[in-house]
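See below for the structure under consideration.
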Amino acid sequence: MPYRTYQKRTAALAFAAALAGSAVLMAATAAQAEVVDVSYQCKTPIGDKSAVSPIDIKAAESGSGYKITMSWQKGVSSSPVELGKGAMNPSATIKLGGAESGTLTVTGPANEAAIPANTPIKISDLSGTYTPSKTGEVTFTAGVLTIKALGTTTTCTPTNSPEASLTLDVEAAGGGGGSGSGQGSPAGGGELPQTGPEDSAVALGTLGGTVLLAGAAGVLWLTRRNQQRAMR
């Protein structure tokens, strides 16, 4: 086989192997997310109301824990009067299951625009910080939604025993089993990246790049070796 042809074929094989390794790494995920329909029964100052909204819960690594964001795709409850800008403050709980137990509290900003009377109230994204206290698979399920507005409180409770919207494989600090339940606290502003796996994809992509560089180094070594043989 001519030397140049052998050199090109070796480089192509090494490059393909590097890409394959990167693809396998990118396919790995640390989280499973699913949009779940949640049926809410709301206790309001003017009586009971019900609504169904798809709920999305996402996670992104943040320090030693995760930033958890809960999103409502449809409005829930309503007000008989207009709610002016900043008049409505939402919060919610997320049930922890699997390796953990307890609840995580998520909060968010007040409404940025006025909400007309008798229209579904669109809840802004709510977020909080979850720090694993146990190692294993942890589930996150929509809990109670609380809406405070104009001196009143509306409480919306899921009635259809919804499935978990997010499942995470977590490790407690220090890698131990740990004890206790997850803790929630308000998270800072800014939009949450898509979800944990996407953040992980950055690190995995970097590792894939390392594999690619290793493949290139192998090609260089083979090239030099074959050049030495050709000169003999």
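Labeling convention for the structure tokens: chains A, B, ... as they appear, residues from 1 per chain, ligands from 1 in order of appearance.
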Long-range neighbours of region 118-123 of chain A as a count of residues only, 12 Å cut-off, only C-alpha atoms, 4 positions minimum in chain: 43
Picked from region 11-111 of chain A by DSSP as alpha helix (DSSP H), as a PyMOL selection string: chain A and resi 11-27
Contacts of region 159-168 of chain A within 7 Å, only C-alpha atoms, excl. fewer than 2 positions in-chain, as a ChimeraX atom specification: /A:30-36,38-41,56-58,137-141,157,170
Store the residues picked out above, limited to C-alpha atoms, as a PDB file, in the first residue's frame.
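Output file result22.pdb follows:
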ATOM      1  CA  ALA A  30     -27.916  12.239  34.288  1.00  0.00           C
ATOM      2  CA  ALA A  31     -31.563  13.256  34.291  1.00  0.00           C
ATOM      3  CA  GLN A  32     -34.923  12.213  32.898  1.00  0.00           C
ATOM      4  CA  ALA A  33     -37.519  14.959  32.469  1.00  0.00           C
ATOM      5  CA  GLU A  34     -41.140  14.650  31.396  1.00  0.00           C
ATOM      6  CA  VAL A  35     -43.948  17.189  31.048  1.00  0.00           C
ATOM      7  CA  VAL A  36     -46.794  15.991  33.281  1.00  0.00           C
ATOM      8  CA  VAL A  38     -51.355  18.258  36.829  1.00  0.00           C
ATOM      9  CA  SER A  39     -54.989  18.724  37.846  1.00  0.00           C
ATOM     10  CA  TYR A  40     -55.226  21.496  40.444  1.00  0.00           C
ATOM     11  CA  GLN A  41     -58.079  22.139  42.876  1.00  0.00           C
ATOM     12  CA  ASP A  56     -42.206  20.885  33.535  1.00  0.00           C
ATOM     13  CA  ILE A  57     -39.442  20.525  36.139  1.00  0.00           C
ATOM     14  CA  LYS A  58     -35.829  20.964  35.050  1.00  0.00           C
ATOM     15  CA  GLU A 137     -32.272   8.214  42.239  1.00  0.00           C
ATOM     16  CA  VAL A 138     -34.435  11.161  43.328  1.00  0.00           C
ATOM     17  CA  THR A 139     -37.817  12.085  41.846  1.00  0.00           C
ATOM     18  CA  PHE A 140     -39.391  15.551  41.708  1.00  0.00           C
ATOM     19  CA  THR A 141     -43.189  15.814  41.596  1.00  0.00           C
ATOM     20  CA  THR A 157     -53.410  21.305  45.365  1.00  0.00           C
ATOM     21  CA  VAL A 170     -27.545  12.276  42.589  1.00  0.00           C
TER      22      VAL A 170
END
Residues flagged strand (DSSP E) by DSSP in region 34-117 of chain A, as a VMD selection string: chain A and resid 36 to 44 47 to 62 65 to 72 88 to 98 103 to 107
